Number of protein chains: 2
Amino acid sequence: MTTIDIPAGSPFGIANLPYGVFSVGGGAPRVGVRVGDSVLDLARALGDDVFAAPSLNPFMAQGYDRWVAVRSQVTSLVAGEVPDDAVHAVADVTLHLPIEVADYVDFYASEHHASNVGRLFRPDAEPLLPNWKHLPVGYHGRAGTVLVSGTDIVRPSGQRKGDPAPVFGPSTRLDIEAELGFVVGTGTPLNTPIAPDDFARHVFGAVLLNDWSARDIQAWEYVPLGPNLGKSFATSISAWVVPILALEAARVPLPGQDPEPLPYLRESRPWGLDVELVVEWNGEEVSRPPYREMYWSPAQMLAHLTVNGASSRTGDLYGSGTISGPEKHQRGAFLELSWGGKEPLTVKGEERSFLLDGDEVVITGTAPGANGERIGFGEVRGRILPAGES
Amino acid sequence: MTTIDIPAGSPFGIANLPYGVFSVGGGAPRVGVRVGDSVLDLARALGDDVFAAPSLNPFMAQGYDRWVAVRSQVTSLVAGEVPDDAVHAVADVTLHLPIEVADYVDFYASEHHASNVGRLFRPDAEPLLPNWKHLPVGYHGRAGTVLVSGTDIVRPSGQRKGDPAPVFGPSTRLDIEAELGFVVGTGTPLNTPIAPDDFARHVFGAVLLNDWSARDIQAWEYVPLGPNLGKSFATSISAWVVPILALEAARVPLPGQDPEPLPYLRESRPWGLDVELVVEWNGEEVSRPPYREMYWSPAQMLAHLTVNGASSRTGDLYGSGTISGPEKHQRGAFLELSWGGKEPLTVKGEERSFLLDGDEVVITGTAPGANGERIGFGEVRGRILPAGES
């Protein structure tokens with residue numbers, strides 16, 4: 001038996017305990033919990049084969065009461081001794097996509113982001129469209145191209161506007177969107193809408209999410225049915241899923257909703273979240289997007305998704321949309337930071353607006369946790385490879 | 001041993017042999033082939049457990065050469081004798097969703113439909129947007145709400161435009177979209193685009209598809225990210241998947257593409273398909289949408305979906321978009337048939353524009369098959385239940 005050391009100030013202390021899927025050597029992927037700089041093998045530690053699975057889905061499907069019980073068991077284990085063969089150094093494991101993604105939806109819930117993009121894409125019109133303050137606008141994305149942090153991103157090719165005809169080639173305006181993603185643990189069948197107040201009974205956890213975006217492809221294709229190939233080549237998520245149960249101390253009011261939303265979107269106590277992201281471009285911090293500034297809460301997003309009778313499933317993933325605050329240094333996309341390329345940034349001494357081959361982006365995030373701890377989301381990392389390579 | 005009777009003129013003769021998933025009594029769902037008015041149990045007939053599965057996915061994942069080989073084996077079996085316990089009357093079985101849907105994408109490939117919708121939704125602008133003739137416009141839909149024919153459809157509720165504020169309630173403009181759907185049998189990994197000429201090696205088969213659409217919800221929500229809740233409550237598909245191998249005799253040129261598409265969308269021999277659909281509303285024929293009039297081919301759609309490096313998977317499903325021909329009686333949506341409600345239809349003596357509770361829609365489809373046979377797609381059927389019931 002052994003004890004797990006938790007370095008002082010670790011963002012993976014007992015207030016956090018996020019879940020992931022790891023493998024050691026050539027072994028089969030299985031569920032683990034991150035504790036300090038270690039990974040606890042849950043199948044070994046708890047003797048339950050639901051964790052000897054290559055995704056969190058079987059465990060998530062067991063439901064809210066079980067999530068509470070396992071979190072309590074793990075908390076006790078970590079305070080005491082665990083079998084030697086149930087603990088690995090995080091440096092020794094390979095991390096995998098933690099969930100089997102069912103449906104993937106991306107929202108557009110930051111007023112600052114939506115207004116900035118409106119000004120850039122539709123300069124002659126009101127930046128916010130008439131529906132924006134009445135419903136959380138969102139669209140379905142490609143579930144099959146959700147990738148774990150660390151996966152290289154090959155620059156996508158596609159059509160962009162040209163004169164007189166569109167041209168085909170590698171995207172020249174490759175961008176990021178710094179977001180949070182929310183993972184549905186237990187869904188509902190058809191015709192069973194989920195009220196905002198039931199959010200925590202259905203949503204298992206949250207991840208960092210980078211919605212890689214080819215702005216030139218997107219701008220040409222997106223009318224009238226929305227973004228498709230400008231987004232569908234890759235969406236990266238962090239390897240650790242932070243339980244909603246760990247985010248109670250991060251819960252804050254929303255910045256304010258006016259007009260008052262329709263009844264199906266009202267929350268008794270809003271699910272604003274005080275998560276602060278940091279975006280690093282080639283190692284230099286370029287933005288600190290504040291999640292607490294988001295207009296729509298993740299509970300409202302799920303309520304909206306299901307109010308028409310659509311079912312939801314274990315493994316459904318939905319993104320918040322780009323997190324942008326009111327200040328320039330709080331914008332979560334390079335499109336906004338560089339104002340469409342007109343105001344380039346200086347990154348490591350070089351002028352940059354969009355991503356060049358070889359660039360690397362790392363997004364991290366932290367939030368207040370229980371007992372004064374600060375909890376971490378790990379990172380979502382990706383490096384750009386030239387078009388046509390992989 | 002027994003022989004399978006095929007009635008003269010059956011749309012399920014040996015030129016067709018579509019695959020589905022069925023169960024008998026309370027038994028486990030398994031793969032079958034429709035032959036005349038019978039279902040052949042493939043696990044029993046061929047002694048291969050890949051067919052003792054609740055979806056076609058494991059068989060489809062075996063790839064093109066295997067699809068050819070099994071079709072040949074089944075053709076031989078049907079000409080001779082099969083074990084008694086491998087044959088069921090179609091009236092005695094329950095049909096299930098034939099595929100486990102991975103990602104679902106819906107296109108918008110009929111020039112007549114796109115032009116009609118443009119005129120109705122954006123009366124002051126050019127009906128076709130600038131990108132439309134350069135790329136097959138499409139968007140991702142909700143995979144989790146793809147339903148098998150016969151499933152009742154509960155009227156969705158949602159927000160629609162109101163003055164001064166939007167109102168919430170059951171959709172008042174519930175519509176259909178008569179489409180074909182295409183099922184990917186074997187996908188490709190990231191950064192491996194599928195050329196149009198490789199269509200038949202990757203796409204296993206085709207189904208009838210009804211993209212139920214709440215036009216009032218859709219009209220309010222769809223800018224700028226496309227349709228979401230106006231569509232995500234339900235998409236119905238036929239229970240029988242017609243193999244692409246059975247559609248060789250239905251292959252026809254496209255009506256004509258001008259301007260010539262970019263090289264990645266060019267086909268050596270186009271995959272136009274001479275499939276004629278019939279739409280019945282409460283038992284009365286209201287439309288005969290001709291698939292041969294579609295501007296973009298399904299091979300071009302798949303090439304477009306993957307050209308940005310997006311991977312594809314066994315079970316991916318993509319819809320053609322509403323099939324509308326140049327004539328009024330060839331329009332595949334009630335929105336177009338009733339011209340936005342301004343020119344109601346007479347259905348069984350009653351004026352109708354959109355669906356009322358209790359209405360039933362049945363879409364059927366046929367195509368030329370080998371040896372002069374006419375092959376059938378079966379049907380996609382759905383009945384409307386009042387909002388809030390299931």
# chains A, B, ... in the order shown; residues from 1 in each chain; ligands from 1
>>> interface_residues(of="chain A", to="chain B", cutoff="8 Å", atoms="only C-alpha atoms", output="ChimeraX atom specification")
/A:102-103,129,131,134,137-145,154,156-158,166,168,190-191,220-229,232-234,262,305,307-313,388-390
>>> residues_around(residues="stretch 324-326 of chain B", least_positions_apart="6", cutoff="7 Å", atoms="only C-alpha atoms", output="MDAnalysis selection string")
chainID B and resid 110 112:113 289:290 293 332
>>> closest_residue(among="A:Pro243, A:Gly382, A:Gly376, A:Gly315", to="A:Ser10", atoms="only C-alpha atoms")
A:Gly376
>>> atom_distance(atom1="atom CA of B:Arg288", atom2="atom CA of B:Glu327")
9.5 Å
>>> closest_residue(among="B:Gly378, B:Gly283, B:Gly256, B:Pro58", to="B:Gly185", atoms="only C-alpha atoms")
B:Pro58
>>> closest_residue(among="B:Ala200, B:Leu317, B:Ile14, B:Leu356", to="B:Val146", atoms="only C-alpha atoms")
B:Leu317
>>> select_by_dssp(residues="stretch 265-362 of chain A", states="strand (DSSP E or B)", output="PyMOL selection string")
chain A and resi 272-273+276-281+284-287+290+317-319+345-347+350-352+360-362
>>> residues_around(residues="A:Ser353", least_positions_apart="2", cutoff="8 Å", atoms="only C-alpha atoms", output="list of chain:residue names")
A:Phe334, A:Leu335, A:Leu337, A:Ser338, A:Gly340, A:Gly341, A:Glu343, A:Pro344, A:Leu345, A:Glu351, A:Leu355
>>> residues_around(residues="B:Arg215", least_positions_apart="3", cutoff="6 Å", atoms="only C-alpha atoms", output="NGL selection string")
:B and (173 or 218-219)
>>> atom_distance(atom1="atom CA of B:Pro253", atom2="atom CA of B:Gly272")
5.2 Å
>>> residues_around(residues="B:Arg266", least_positions_apart="2", cutoff="10 Å", atoms="only C-alpha atoms", output="VMD selection string")
chain B and resid 195 to 197 260 to 264 268 to 270 299 to 300 303
>>> write_last_selection(atoms="N, CA, C and O atoms", output="PDB file, in the first residue's frame")
ATOM      1  N   ALA B 195     -12.427  11.022 -52.424  1.00  0.00           N
ATOM      2  CA  ALA B 195     -12.726  11.562 -53.753  1.00  0.00           C
ATOM      3  C   ALA B 195     -14.119  11.113 -54.189  1.00  0.00           C
ATOM      4  O   ALA B 195     -14.572  10.026 -53.804  1.00  0.00           O
ATOM      5  N   PRO B 196     -14.809  11.917 -55.002  1.00  0.00           N
ATOM      6  CA  PRO B 196     -16.150  11.519 -55.449  1.00  0.00           C
ATOM      7  C   PRO B 196     -16.165  10.137 -56.117  1.00  0.00           C
ATOM      8  O   PRO B 196     -17.112   9.377 -55.937  1.00  0.00           O
ATOM      9  N   ASP B 197     -15.099   9.821 -56.843  1.00  0.00           N
ATOM     10  CA  ASP B 197     -15.086   8.521 -57.537  1.00  0.00           C
ATOM     11  C   ASP B 197     -14.967   7.345 -56.568  1.00  0.00           C
ATOM     12  O   ASP B 197     -15.140   6.192 -56.977  1.00  0.00           O
ATOM     13  N   GLU B 260     -18.555  24.996 -63.601  1.00  0.00           N
ATOM     14  CA  GLU B 260     -17.966  23.696 -63.291  1.00  0.00           C
ATOM     15  C   GLU B 260     -17.439  23.725 -61.861  1.00  0.00           C
ATOM     16  O   GLU B 260     -16.805  24.699 -61.445  1.00  0.00           O
ATOM     17  N   PRO B 261     -17.691  22.653 -61.104  1.00  0.00           N
ATOM     18  CA  PRO B 261     -17.216  22.653 -59.712  1.00  0.00           C
ATOM     19  C   PRO B 261     -15.691  22.618 -59.637  1.00  0.00           C
ATOM     20  O   PRO B 261     -15.018  22.223 -60.590  1.00  0.00           O
ATOM     21  N   LEU B 262     -15.150  23.008 -58.497  1.00  0.00           N
ATOM     22  CA  LEU B 262     -13.713  22.907 -58.234  1.00  0.00           C
ATOM     23  C   LEU B 262     -13.274  21.440 -58.376  1.00  0.00           C
ATOM     24  O   LEU B 262     -14.082  20.525 -58.215  1.00  0.00           O
ATOM     25  N   PRO B 263     -11.989  21.206 -58.676  1.00  0.00           N
ATOM     26  CA  PRO B 263     -11.535  19.833 -58.972  1.00  0.00           C
ATOM     27  C   PRO B 263     -11.927  18.791 -57.921  1.00  0.00           C
ATOM     28  O   PRO B 263     -12.269  17.656 -58.278  1.00  0.00           O
ATOM     29  N   TYR B 264     -11.903  19.137 -56.640  1.00  0.00           N
ATOM     30  CA  TYR B 264     -12.183  18.109 -55.618  1.00  0.00           C
ATOM     31  C   TYR B 264     -13.630  17.628 -55.653  1.00  0.00           C
ATOM     32  O   TYR B 264     -13.962  16.629 -55.013  1.00  0.00           O
ATOM     33  N   SER B 268     -15.844  11.422 -62.422  1.00  0.00           N
ATOM     34  CA  SER B 268     -15.641  10.847 -63.759  1.00  0.00           C
ATOM     35  C   SER B 268     -16.989  10.485 -64.372  1.00  0.00           C
ATOM     36  O   SER B 268     -17.240  10.701 -65.545  1.00  0.00           O
ATOM     37  N   ARG B 269     -17.838   9.902 -63.537  1.00  0.00           N
ATOM     38  CA  ARG B 269     -19.182   9.544 -63.997  1.00  0.00           C
ATOM     39  C   ARG B 269     -20.127   9.895 -62.850  1.00  0.00           C
ATOM     40  O   ARG B 269     -20.037   9.311 -61.763  1.00  0.00           O
ATOM     41  N   PRO B 270     -20.991  10.863 -63.065  1.00  0.00           N
ATOM     42  CA  PRO B 270     -21.758  11.414 -61.931  1.00  0.00           C
ATOM     43  C   PRO B 270     -22.678  10.392 -61.255  1.00  0.00           C
ATOM     44  O   PRO B 270     -23.170   9.456 -61.900  1.00  0.00           O
ATOM     45  N   ALA B 299     -22.069  11.697 -54.072  1.00  0.00           N
ATOM     46  CA  ALA B 299     -20.605  11.508 -54.065  1.00  0.00           C
ATOM     47  C   ALA B 299     -19.908  12.850 -53.841  1.00  0.00           C
ATOM     48  O   ALA B 299     -18.898  12.927 -53.127  1.00  0.00           O
ATOM     49  N   GLN B 300     -20.455  13.897 -54.413  1.00  0.00           N
ATOM     50  CA  GLN B 300     -19.892  15.236 -54.185  1.00  0.00           C
ATOM     51  C   GLN B 300     -20.100  15.677 -52.738  1.00  0.00           C
ATOM     52  O   GLN B 300     -19.243  16.335 -52.146  1.00  0.00           O
ATOM     53  N   ALA B 303     -17.437  13.975 -50.650  1.00  0.00           N
ATOM     54  CA  ALA B 303     -16.133  14.583 -50.937  1.00  0.00           C
ATOM     55  C   ALA B 303     -16.013  15.933 -50.228  1.00  0.00           C
ATOM     56  O   ALA B 303     -14.976  16.260 -49.643  1.00  0.00           O
TER      57      ALA B 303
END
